[in-house]
Amino acid sequence: MNSIGRVISVSYDRLIFEVSDFEKLIYNFDGDLYIARGVIDYVIIKNRFNEKFVYQVTRIEDKEIPLSKYDESSKFEYQGKFECVPIGIILNKRIKFNMKYYPFLQDRVYLASKDEMDIIFSSQQLSSSINLGTIHDIYPACIDLNNLLSHHSAILGNTGSGKSTTIRQIISEINKKNTSNLHLHIFDIHDKYKNKNDKTQTINISTEYKIKISDLNLQDWLNLIKPSELVQLPIFQIALKIGNILYKKKIKEAALKCYLAHTLYYTVQNEAVAKRAKILGLLHSLPQFSNILKNYTEYGNFKSDNEKVFIDNLLEIIKGSIDTKKTEKTEMIEQNQIKSLFESSLQCKIEKADYCVNSFENLLKGLEYAFLLEESKGNSQARSYCGTLETRIKNIEVRYSSILGDTAFDYEKNKSVFVYSISELEDDLLLFFTSYLLKREFSNNQTKELSKRNINIFILEEAHRYISREENNIFHESQIYKKIAREGRKFGCFLILSSQRPSELSPTVLSQCNNYIIHRIKNNIDLDYMLKTIPYIDKNQLSRLSYLPTGVAFIVGELFQIPVEINVVDYENQDISATPKIKFD
């Protein structure tokens, strides 16, 4: 074969060769036509031991050299300087992508032959591979599913650059494989991925999906209600725990009401009218007090001897709820001990209670009792500072009534791909639902033995809406994404992020990705952010991203042994995201 040039500079990450005769860049050898394409072309460098080093051209410069040093009017000849990056070394018709040694000065350079290109790209064609398209319009762009689905991945690119086509092709190719523990969860914001087949279940979240209220934990409630950290959070936590005690029936509600009424009656000295209203509100449903409360004056006093009867009745009901197994016989308990024993028991139950309730009714009851407990301790400002909590809870109850209920959603059996149609969800519900689902699958896998864990792949379209770079408070929903990004691998949970604004993504999550499929990106802010966040990409490769044609993707990371450009092919012609065109009459 014809040598096109010679090596003039070598380093660990760069090689430069010089071409003095440009006619050598086009030649015929053994019936095949070889044409140098320039940048992104592959070249072979042979040393004196006939070893073949594979390099990829990344930069070309041209310089003029006068034919005569002594004649200023002399004609010029042109030389080309080609800068390359190392790819690997071909040994025994196989390529090794990690070089232990390098070419030397004046080694000859050749254009890669068809056989050599086959060796480079056939290494990816395994039984577990899927085909995304073509490389150089000739070689199948095969990627190993084990590399794709056992790492976090990011699919990045501006609108119209081909991200959706890439995602559809990945889903379509995965569907062709038979697996027993692989589950895809696709969050479909624009209704692009609906597909009717034996493996797929499409779920309209706003009308079909149900989350059982008792399955929500503290983080879920914080994501929904978003209480302020310093003032509202402690009250809300107590409200959840009291609601849990009521839900689990670990306390007699009548006894709790009597305890609060007794405490308010003796503790709160001012605002007699307000105190009376609270006590009446607590006891109006208890028949024992129907006659006595008629003698409770508007100024907070009782007529004649009714006060003693009132107090005795309160203490009697409180005493009836005390666990006599842990105390003396009920008859032996003195009046001054009754409240103290009940208070200790209540405090112990609140501390041990979970942060879950079975209904908004119990949550609102818990909130009211939390306010009353604070007021009985003399904290008269708690209700005014936290009053918006009740409003938000009632608002959530109304707005999310279609998704929160008494029963959980029942998935279809034998389905491995779940497309969640979330186009109708508002941003706050969208964030709550996605974080809830990720947390649920992550928690489920945590409880299983390694051999029994499922592989859950979460494909997140418009990922910058879920995993924001900016966070308003510690309860932001992206905490679960960061947790999965850091710890998901050992629990079989992996993210595939798709975004047109990489600069708005959390650097924690983006930097944890091992695979990057990058389409055209022109925004300088995004490009600079990617250079700082993505460890696999350098400035030369980054500058290429602005000029990628639609449908072409640059792949770096674990997906492919070398950085490579592929032309993504939508083999099933599913392109439903193309922009509509104006029709001229």
# chains A, B, ... in the order shown; residues from 1 in each chain; ligands from 1
call {"tool": "select_by_dssp", "arguments": {"residues": "segment 518-570 of chain A", "states": "strand (DSSP E)", "output": "PyMOL selection string"}}
result
chain A and resi 518+552-557+564-568
call {"tool": "select_by_dssp", "arguments": {"residues": "segment 88-305 of chain A", "states": "alpha helix (DSSP H)", "output": "VMD selection string"}}
result
chain A and resid 114 to 122 145 to 149 163 to 175 218 to 225 232 to 247 253 to 267 272 to 283
call {"tool": "residues_around", "arguments": {"residues": "Val19 of chain A", "least_positions_apart": "6", "cutoff": "8 Å", "atoms": "only C-alpha atoms", "output": "list of chain:residue names"}}
result
A:Ile4, A:Gly5, A:Arg6, A:Gln79, A:Gly80, A:Lys81, A:Phe82
call {"tool": "closest_residue", "arguments": {"among": "A:Asn301, A:Asn313, A:Asn444, A:Ser498", "to": "Phe458 of chain A", "atoms": "only C-alpha atoms"}}
result
A:Ser498
call {"tool": "atom_distance", "arguments": {"atom1": "atom CA of Ile138 of chain A", "atom2": "atom CA of Leu548 of chain A"}}
result
18.0 Å
call {"tool": "residues_around", "arguments": {"residues": "Val509 of chain A", "least_positions_apart": "3", "cutoff": "12 Å", "atoms": "only C-alpha atoms", "output": "VMD selection string"}}
result
chain A and resid 152 to 154 463 to 464 466 to 469 478 to 488 494 to 497 502 to 506 512 to 514 533 to 534
call {"tool": "closest_atom_pairs", "arguments": {"of": "segment 428-476 of chain A", "to": "segment 192-211 of chain A", "cutoff": "12 Å", "atoms": "only C-alpha atoms", "output": "Markdown table"}}
result
| residue | atom | partner | partner_atom | distance |
| --- | --- | --- | --- | --- |
| A:Leu429 | CA | A:Ser206 | CA | 9.7 |
| A:Leu430 | CA | A:Ile205 | CA | 9.5 |
| A:Phe432 | CA | A:Ile211 | CA | 11.2 |
| A:Phe433 | CA | A:Ile205 | CA | 8.8 |
| A:Thr434 | CA | A:Ile205 | CA | 10.6 |
| A:Tyr436 | CA | A:Ile211 | CA | 9.2 |
| A:Leu437 | CA | A:Ile211 | CA | 9.6 |
| A:Arg440 | CA | A:Ile211 | CA | 10.9 |
| A:Ile459 | CA | A:Tyr193 | CA | 10.9 |
| A:Leu460 | CA | A:Tyr193 | CA | 11.8 |
| A:Glu461 | CA | A:Lys192 | CA | 10.0 |
call {"tool": "write_last_selection", "arguments": {"atoms": "C-alpha atoms", "output": "compact mmCIF listing (two decimals), in the first residue's frame"}}
result
# COMPACT_ATOMS: atom_id res chain seq x y z
CA LEU A 429 -46.76 16.66 40.46
CA LEU A 430 -44.34 15.56 37.76
CA PHE A 432 -43.28 14.15 42.97
CA PHE A 433 -44.37 11.19 40.83
CA THR A 434 -40.97 10.53 39.23
CA TYR A 436 -41.66 8.54 44.22
CA LEU A 437 -41.34 5.85 41.54
CA ARG A 440 -39.93 2.82 45.37
CA ILE A 459 -35.23 6.88 30.94
CA LEU A 460 -35.84 10.54 31.80
CA GLU A 461 -36.81 12.83 28.96
call {"tool": "closest_atom_pairs", "arguments": {"of": "segment 194-215 of chain A", "to": "segment 357-368 of chain A", "cutoff": "10 Å", "atoms": "only C-alpha atoms", "output": "Markdown table"}}
result
| residue | atom | partner | partner_atom | distance |
| --- | --- | --- | --- | --- |
| A:Lys212 | CA | A:Asn358 | CA | 8.0 |
| A:Ile213 | CA | A:Asn358 | CA | 5.4 |
| A:Ser214 | CA | A:Asn358 | CA | 4.4 |
| A:Asp215 | CA | A:Asn358 | CA | 8.2 |
call {"tool": "atom_distance", "arguments": {"atom1": "atom CA of Cys386 of chain A", "atom2": "atom CA of Leu373 of chain A"}}
result
13.6 Å
call {"tool": "closest_residue", "arguments": {"among": "A:Leu156, A:Leu372, A:Ile40, A:Leu149", "to": "Ile171 of chain A", "atoms": "only C-alpha atoms"}}
result
A:Leu149
call {"tool": "residues_around", "arguments": {"residues": "segment 113-116 of chain A", "least_positions_apart": "3", "cutoff": "10 Å", "atoms": "only C-alpha atoms", "output": "number ranges by chain"}}
result
A: 1, 29, 32-34, 42-44, 52, 54, 90, 93-95, 110, 119-122
call {"tool": "closest_residue", "arguments": {"among": "A:Ser129, A:Ser150, A:Gln232, A:Thr134", "to": "Lys176 of chain A", "atoms": "only C-alpha atoms"}}
result
A:Ser129
call {"tool": "residues_around", "arguments": {"residues": "Lys163 of chain A", "least_positions_apart": "2", "cutoff": "10 Å", "atoms": "only C-alpha atoms", "output": "VMD selection string"}}
result
chain A and resid 155 to 161 165 to 169 461 498 to 500 517 to 520 550 to 553 568
call {"tool": "residues_around", "arguments": {"residues": "Pro535 of chain A", "least_positions_apart": "6", "cutoff": "12 Å", "atoms": "only C-alpha atoms", "output": "list in words"}}
result
Pro507, Leu510, Ser511, Gln512, Cys513, Asn514, Asn515, Tyr516, Tyr529, Leu542, Val556, Gly557 and Glu558 of chain A
call {"tool": "atom_distance", "arguments": {"atom1": "atom CA of Arg59 of chain A", "atom2": "atom CA of Arg37 of chain A"}}
result
11.8 Å
